[in-house]
Structures are given as structure tokens and as C-alpha cells.
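Worksheet: the structure to be examined is printed underneath.
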Amino acid sequence: DLAVHSLKDVPMEMPAGFVLAAIAAREDPRDAFVSNRFASLAELPAGAIVGTSSLRREAQLRERRPGLVVRPLRGNVNTRLRKLDESQYDAIVLAAAGLKRLGFGGRIRELIDPADSLPAPGQGALALECRADRPDVAAALAPLADPTTTLAVTAERAFSRALSGSCHTPLAAHATWQEGALWLRGLIASQDGREVLRGEQEAEIFDVEAADALGTSLAGELLAHGATRLIVAD
């Protein structure tokens with residue numbers, strides 16, 4: 001009757017016949033630094049091995065710390081933590097929300113500032129999906145929707161959609177409320193982190209149409225600066 005997803009993993013275009021009935025209040029959207037030897041990303045020496053499954057995180061790590069060795073990290077959260085504990089990596093970077101929801105919040109050594117690792121669109125938010133022909137289910141889920149989270153992630157997802165964001169393109173977007181206005185930051189990068197395009201826009205947002213327009217506008221700004229060359233098709 002319904003499915004619960006991490007919103008950052010939900011396709012930007014919903015398949016026909018399905019809708020996102022509600023987006024719940026967001027957990028911490030930041031990336032988390034986890035290590036048994038080092039207290040922060042800044043403490044990692046050159047040559048340290050960092051594990052991540054995200055091209056977005058990899059590109060930003062390579063841009064900020066070109067001396068690090070970034071290697072793929074696969075498996076569920078338990079498997080990734082086990083690989084760290086087996087010393088296959090000096091540190092790993094995961095979503096803070098996932099660690100906290102699974103009871104591993106104590107493993108977080110540092111919450112990485114979005115200025116250093118901009119989150120994925122929708123990161124930290126849970127989406128509730130149901131069939132489009134089940135208004136009864138949608139109505140039952142409606143009280144779980146969080147308006148401020150919904151508007152923020154709508155802008156983020158519109159940014160990704162306008163850039164044809166896929167799992168093959170390092171892309172990030174994060175929207176926060178600043179004195180009543182929605183501040184959206186976005187980036188698109190090459191996987192090696194040698195080329196990164198960033199932008200930001202701010203607007204007063206009162207409905208999902210305006211939030212969508214904000215994300216589309218920021219994407220248009222990056223496209224005008226050559227973002228097309230960084231987009232990797234599925």
C-alpha cells in the first residue's frame with residue numbers, strides 16, 4: 001500500500017501511477033566523517049585511504065584534499081563500518097541521517113560542514129510513496145508531511161532534474177531557511193574534482209511551484225556557465 005524511501009535515492013521523475021504522498025521532517029542532512037584513528041577530515045594525512053560510495057562525495061573530497069586516496073565503499077551500513085574496523089580504510093564518509101537512524105550515531109567523529117561536502121538533493125529526508133489511485137492512503141499519510149522540508153527538497157530536486165542529474169554525475173544541492181527565505185546551494189563536478197561549478201540563489205518561497213522554480217533557476221545559472229560538459233548520461 002505504501003513504500004518508505006530515503007528521498008535522495010528516489011528518481012527525480014516518478015513513474016506513472018505513483019506519487020510521493022508525503023515528505024517527513026528532515027533528519028541531519030550533512031555527511032558524516034567516521035574513523036577509528038582520526039577525529040576529523042582535516043586530521044587525515046596525505047595518502048590516507050577514505051571510503052565512499054558516492055561520486056558526489058568523492059569529487060568534493062578530491063577537490064578539497066587531492067592528497068587523499070579515495071576508494072569505493074560498498075555494502076550496507078553495517079558492512080561499511082565492518083570494513084573500516086578491519087582497517088581496510090582510514091576513514092569513511094556516510095550520510096549522518098542513516099547512521100543516526102540505525103543507532104550508529106556514536107560512530108560519527110565529525111559532521112562535515114556543507115561548505116566542505118554539499119549534501120545530495122533530498123539527503124536526510126524520508127519520502128512516503130503510494131499509488132496515484134489511492135487517495136485514501138495519501139490522506140492517511142498527509143499528517144506526516146513537513147511543509148518546510150517539502151519546500152526545501154522540492155528546490156533541491158528541481159535543481160537536479162534540470163541538470164539531468166544521475167548516479168553517474170557528481171551533483172549536490174542543499175536548501176536551508178534563512179530569515180524566511182530559502183537559500184539554495186548547488187554544484188556539479190567532474191569525478192576527479194578538478195572541475196567544480198557552484199552556485200547559490202535565495203528567494204521567498206511559499207509553495208512548491210516557487211520552490212521548483214528556484215531549483216530550476218539555479219540549474220539554469222550553472223548551465224549558462226558550462227555545466228553541460230560535466231553531465232554524464234545514464
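In the C-alpha cells, chains take letters A, B, ... by order of appearance, with residues numbered from 1 within each chain and ligands from 1 in the order shown.
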
Excluding Asn78 (chain A) and any residue of its chain fewer than 3 positions from it, enumerate the residues within 12 Å of it, using only C-alpha atoms, and give them as a short mmCIF file (atom, residue, chain, number, x, y, z; two decimals) with all heavy atoms, in the first residue's frame.
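Okay, part-v8.cif is ready:
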```cif
data_model
loop_
_atom_site.label_atom_id
_atom_site.label_comp_id
_atom_site.auth_asym_id
_atom_site.auth_seq_id
_atom_site.Cartn_x
_atom_site.Cartn_y
_atom_site.Cartn_z
N LEU A 73 33.43 2.19 -1.64
CA LEU A 73 32.99 1.52 -0.41
C LEU A 73 31.57 1.01 -0.65
O LEU A 73 30.64 1.80 -0.83
CB LEU A 73 33.01 2.51 0.76
CG LEU A 73 32.47 2.01 2.10
CD1 LEU A 73 33.34 0.88 2.63
CD2 LEU A 73 32.41 3.16 3.11
N ARG A 74 31.40 -0.30 -0.67
CA ARG A 74 30.10 -0.90 -0.98
C ARG A 74 29.52 -1.62 0.23
O ARG A 74 30.20 -1.88 1.20
CB ARG A 74 30.23 -1.90 -2.14
CG ARG A 74 30.89 -1.32 -3.39
CD ARG A 74 30.12 -0.14 -3.96
NE ARG A 74 30.76 0.41 -5.15
CZ ARG A 74 30.48 1.58 -5.67
NH1 ARG A 74 29.56 2.35 -5.12
NH2 ARG A 74 31.11 2.00 -6.75
N GLY A 75 28.24 -1.97 0.12
CA GLY A 75 27.56 -2.72 1.17
C GLY A 75 26.64 -1.84 1.99
O GLY A 75 26.61 -0.62 1.85
N LEU A 81 30.88 -0.20 8.00
CA LEU A 81 31.55 0.00 9.28
C LEU A 81 32.51 -1.16 9.59
O LEU A 81 33.59 -0.95 10.13
CB LEU A 81 30.51 0.15 10.40
CG LEU A 81 29.68 1.44 10.37
CD1 LEU A 81 28.56 1.37 11.40
CD2 LEU A 81 30.55 2.67 10.61
N ARG A 82 32.10 -2.36 9.23
CA ARG A 82 32.98 -3.52 9.45
C ARG A 82 34.27 -3.38 8.65
O ARG A 82 35.37 -3.67 9.16
CB ARG A 82 32.26 -4.81 9.08
CG ARG A 82 33.14 -6.05 9.18
CD ARG A 82 32.39 -7.32 8.83
NE ARG A 82 31.79 -7.27 7.51
CZ ARG A 82 32.46 -7.43 6.36
NH1 ARG A 82 33.77 -7.64 6.38
NH2 ARG A 82 31.83 -7.38 5.20
N LYS A 83 34.16 -2.93 7.41
CA LYS A 83 35.36 -2.76 6.58
C LYS A 83 36.29 -1.70 7.18
O LYS A 83 37.52 -1.83 7.12
CB LYS A 83 34.95 -2.37 5.16
CG LYS A 83 34.28 -3.51 4.39
CD LYS A 83 33.86 -3.08 3.00
CE LYS A 83 33.23 -4.24 2.24
NZ LYS A 83 32.81 -3.85 0.86
N LEU A 84 35.70 -0.65 7.77
CA LEU A 84 36.52 0.34 8.46
C LEU A 84 37.22 -0.30 9.66
O LEU A 84 38.42 -0.09 9.87
CB LEU A 84 35.64 1.52 8.92
CG LEU A 84 36.34 2.56 9.80
CD1 LEU A 84 37.37 3.34 9.00
CD2 LEU A 84 35.31 3.51 10.41
N ASP A 85 36.46 -1.08 10.43
CA ASP A 85 37.03 -1.71 11.63
C ASP A 85 38.09 -2.75 11.29
O ASP A 85 38.95 -3.07 12.13
CB ASP A 85 35.90 -2.35 12.45
CG ASP A 85 34.95 -1.32 13.05
OD1 ASP A 85 35.35 -0.15 13.17
OD2 ASP A 85 33.81 -1.69 13.37
N LEU A 94 29.82 8.80 5.29
CA LEU A 94 28.46 8.29 5.12
C LEU A 94 27.47 9.42 5.41
O LEU A 94 27.85 10.47 5.94
CB LEU A 94 28.18 7.13 6.09
CG LEU A 94 29.13 5.93 6.06
CD1 LEU A 94 28.83 5.02 7.24
CD2 LEU A 94 28.95 5.17 4.77
N GLY A 98 21.48 8.37 8.04
CA GLY A 98 21.43 6.92 8.05
C GLY A 98 22.08 6.34 9.29
O GLY A 98 21.57 5.39 9.90
N LEU A 99 23.22 6.89 9.68
CA LEU A 99 23.91 6.41 10.87
C LEU A 99 23.05 6.62 12.11
O LEU A 99 22.93 5.74 12.97
CB LEU A 99 25.25 7.13 11.02
CG LEU A 99 26.34 6.72 10.03
CD1 LEU A 99 27.49 7.72 10.06
CD2 LEU A 99 26.86 5.31 10.34
N LEU A 102 19.96 4.26 12.30
CA LEU A 102 20.30 2.87 12.56
C LEU A 102 20.98 2.66 13.91
O LEU A 102 21.41 1.56 14.23
CB LEU A 102 21.20 2.34 11.44
CG LEU A 102 20.52 2.23 10.07
CD1 LEU A 102 21.54 1.91 8.99
CD2 LEU A 102 19.44 1.16 10.10
N GLY A 103 21.09 3.73 14.69
CA GLY A 103 21.67 3.62 16.01
C GLY A 103 23.18 3.68 16.06
O GLY A 103 23.79 3.32 17.06
N PHE A 104 23.80 4.18 14.97
CA PHE A 104 25.25 4.28 14.92
C PHE A 104 25.74 5.73 15.05
O PHE A 104 26.87 6.04 14.65
CB PHE A 104 25.78 3.70 13.61
CG PHE A 104 25.56 2.22 13.47
CD1 PHE A 104 24.81 1.71 12.42
CD2 PHE A 104 26.12 1.33 14.38
CE1 PHE A 104 24.61 0.35 12.28
CE2 PHE A 104 25.93 -0.03 14.25
CZ PHE A 104 25.17 -0.53 13.20
N ARG A 107 29.24 6.56 16.26
CA ARG A 107 30.42 6.33 15.43
C ARG A 107 30.86 7.60 14.70
O ARG A 107 31.97 7.65 14.15
CB ARG A 107 30.14 5.23 14.39
CG ARG A 107 29.84 3.86 14.95
CD ARG A 107 31.02 3.25 15.70
NE ARG A 107 32.22 3.13 14.90
CZ ARG A 107 32.59 2.03 14.24
NH1 ARG A 107 31.81 0.95 14.27
NH2 ARG A 107 33.71 1.99 13.56
#
```

(message) I'd like the neighbourhood of region 23-29 of chain A as a PyMOL selection string, where a residue qualifies if any of its atoms comes within 12 Å (using only C-alpha atoms), though same-chain residues fewer than 2 positions away should be ignored.
(response) chain A and resi 3-8+10+19-21+31-32+94-101+105+111-114+117-130+138+141-154+172-176

(message) Considering only C-alpha atoms, can you say which of A:Ala91, A:Ile205, A:Val70, A:Leu163 comes closest to Arg57 (chain A)?
(response) A:Val70

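The nearest approach to Asn36 (chain A) among the residues A:Gln88, A:Gln60, A:Ala16, A:Gly226, with only C-alpha atoms taken into account, belongs to A:Gln88.
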
(message) I want to know what sits within 10 Å of Leu184 (chain A), based on only C-alpha atoms, with residues of the same chain fewer than 2 positions away left out; could you give that as a ChimeraX atom specification?
(response) /A:152-153,155-156,159,173-177,181-182,186,199-203,211,214-215,218

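The residue set within 12 Å of Glu43 (chain A), counting only C-alpha atoms and dropping same-chain residues fewer than 2 places from it, reads Phe33, Ser35, Arg37, Phe38, Ala39, Ser40, Leu41, Pro45, Ala46, Gly47, Ala48, Arg65, Leu68, Asp90, Ala91, Arg109 and Glu110 of chain A.
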
(message) If you run DSSP on the backbone here, which positions in region 140-230 of chain A get strand (DSSP E or B)? Please write them as a ChimeraX atom specification.
(response) /A:171-178,181-189,196-204

Name the residues in contact with Glu63 (chain A) at a cut-off of 9 Å, using only C-alpha atoms, excluding same-chain residues fewer than 3 positions from it; report them as a PDB file with all heavy atoms, in the first residue's frame.
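out39.pdb, freshly written:
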```pdb
ATOM      1  N   GLU A  58      33.051  11.852  -3.445  1.00  0.00           N
ATOM      2  CA  GLU A  58      34.390  11.634  -3.988  1.00  0.00           C
ATOM      3  C   GLU A  58      34.921  12.886  -4.675  1.00  0.00           C
ATOM      4  O   GLU A  58      36.074  13.290  -4.459  1.00  0.00           O
ATOM      5  CB  GLU A  58      34.372  10.472  -4.981  1.00  0.00           C
ATOM      6  CG  GLU A  58      35.727  10.198  -5.619  1.00  0.00           C
ATOM      7  CD  GLU A  58      35.704   9.045  -6.594  1.00  0.00           C
ATOM      8  OE1 GLU A  58      34.688   8.319  -6.659  1.00  0.00           O
ATOM      9  OE2 GLU A  58      36.718   8.850  -7.308  1.00  0.00           O
ATOM     10  N   ALA A  59      34.104  13.515  -5.503  1.00  0.00           N
ATOM     11  CA  ALA A  59      34.544  14.713  -6.225  1.00  0.00           C
ATOM     12  C   ALA A  59      34.913  15.831  -5.266  1.00  0.00           C
ATOM     13  O   ALA A  59      35.934  16.514  -5.446  1.00  0.00           O
ATOM     14  CB  ALA A  59      33.448  15.171  -7.182  1.00  0.00           C
ATOM     15  N   GLN A  60      34.109  16.019  -4.231  1.00  0.00           N
ATOM     16  CA  GLN A  60      34.397  17.102  -3.280  1.00  0.00           C
ATOM     17  C   GLN A  60      35.606  16.787  -2.414  1.00  0.00           C
ATOM     18  O   GLN A  60      36.385  17.685  -2.074  1.00  0.00           O
ATOM     19  CB  GLN A  60      33.153  17.376  -2.431  1.00  0.00           C
ATOM     20  CG  GLN A  60      32.000  17.954  -3.256  1.00  0.00           C
ATOM     21  CD  GLN A  60      30.775  18.267  -2.423  1.00  0.00           C
ATOM     22  OE1 GLN A  60      30.660  19.333  -1.825  1.00  0.00           O
ATOM     23  NE2 GLN A  60      29.848  17.315  -2.371  1.00  0.00           N
ATOM     24  N   PRO A  66      43.321  16.792  -2.412  1.00  0.00           N
ATOM     25  CA  PRO A  66      43.835  15.971  -3.515  1.00  0.00           C
ATOM     26  C   PRO A  66      44.860  14.929  -3.091  1.00  0.00           C
ATOM     27  O   PRO A  66      45.120  13.978  -3.830  1.00  0.00           O
ATOM     28  CB  PRO A  66      44.430  17.003  -4.476  1.00  0.00           C
ATOM     29  CG  PRO A  66      44.690  18.213  -3.637  1.00  0.00           C
ATOM     30  CD  PRO A  66      43.615  18.226  -2.604  1.00  0.00           C
ATOM     31  N   ASP A 192      36.869  13.547 -10.798  1.00  0.00           N
ATOM     32  CA  ASP A 192      38.195  13.734 -10.214  1.00  0.00           C
ATOM     33  C   ASP A 192      38.311  15.014  -9.396  1.00  0.00           C
ATOM     34  O   ASP A 192      39.358  15.289  -8.811  1.00  0.00           O
ATOM     35  CB  ASP A 192      39.276  13.694 -11.301  1.00  0.00           C
ATOM     36  CG  ASP A 192      39.102  14.781 -12.358  1.00  0.00           C
ATOM     37  OD1 ASP A 192      38.308  15.726 -12.160  1.00  0.00           O
ATOM     38  OD2 ASP A 192      39.771  14.679 -13.413  1.00  0.00           O
ATOM     39  N   GLY A 193      37.229  15.811  -9.352  1.00  0.00           N
ATOM     40  CA  GLY A 193      37.226  17.028  -8.556  1.00  0.00           C
ATOM     41  C   GLY A 193      38.035  18.173  -9.131  1.00  0.00           C
ATOM     42  O   GLY A 193      38.171  19.224  -8.501  1.00  0.00           O
ATOM     43  N   ARG A 194      38.553  17.999 -10.349  1.00  0.00           N
ATOM     44  CA  ARG A 194      39.364  19.057 -10.937  1.00  0.00           C
ATOM     45  C   ARG A 194      38.525  20.200 -11.474  1.00  0.00           C
ATOM     46  O   ARG A 194      39.025  21.318 -11.671  1.00  0.00           O
ATOM     47  CB  ARG A 194      40.240  18.485 -12.054  1.00  0.00           C
ATOM     48  CG  ARG A 194      41.306  17.522 -11.539  1.00  0.00           C
ATOM     49  CD  ARG A 194      42.171  16.983 -12.660  1.00  0.00           C
ATOM     50  NE  ARG A 194      43.184  16.068 -12.151  1.00  0.00           N
ATOM     51  CZ  ARG A 194      44.056  15.424 -12.920  1.00  0.00           C
ATOM     52  NH1 ARG A 194      44.016  15.592 -14.238  1.00  0.00           N
ATOM     53  NH2 ARG A 194      44.952  14.610 -12.386  1.00  0.00           N
ATOM     54  N   GLU A 195      37.257  19.917 -11.750  1.00  0.00           N
ATOM     55  CA  GLU A 195      36.364  20.961 -12.226  1.00  0.00           C
ATOM     56  C   GLU A 195      35.073  20.905 -11.424  1.00  0.00           C
ATOM     57  O   GLU A 195      34.388  19.887 -11.402  1.00  0.00           O
ATOM     58  CB  GLU A 195      36.072  20.782 -13.719  1.00  0.00           C
ATOM     59  CG  GLU A 195      35.300  21.951 -14.304  1.00  0.00           C
ATOM     60  CD  GLU A 195      35.246  21.916 -15.826  1.00  0.00           C
ATOM     61  OE1 GLU A 195      35.633  20.885 -16.408  1.00  0.00           O
ATOM     62  OE2 GLU A 195      34.827  22.913 -16.421  1.00  0.00           O
ATOM     63  N   VAL A 196      34.767  21.991 -10.746  1.00  0.00           N
ATOM     64  CA  VAL A 196      33.571  22.077  -9.922  1.00  0.00           C
ATOM     65  C   VAL A 196      32.881  23.410 -10.200  1.00  0.00           C
ATOM     66  O   VAL A 196      33.505  24.467 -10.119  1.00  0.00           O
ATOM     67  CB  VAL A 196      33.898  21.974  -8.415  1.00  0.00           C
ATOM     68  CG1 VAL A 196      32.615  22.050  -7.588  1.00  0.00           C
ATOM     69  CG2 VAL A 196      34.653  20.691  -8.107  1.00  0.00           C
TER      70      VAL A 196
END
```

(message) Using DSSP assignments from the backbone, pull out every residue in region 2-200 of chain A that falls under helix (DSSP H, G or I) and give it to me as number ranges by chain.
(response) A: 7-9, 41-43, 55-64, 77-85, 96-101, 105-107, 135-144, 147-162

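Using only C-alpha atoms, the shortest contact distance between Leu2 (chain A) and any of A:Arg157, A:Leu187, A:Val137, A:Pro15 is found at A:Val137.
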
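Across the structure, CA of Val208 (chain A) and CA of Ala158 (chain A) are spaced 10.2 Å apart.
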
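For the choices A:Ile231, A:Cys167, A:Val34, A:Val77, the atom-to-atom distance to Gly106 (chain A) is smallest for A:Val34 when using only C-alpha atoms.
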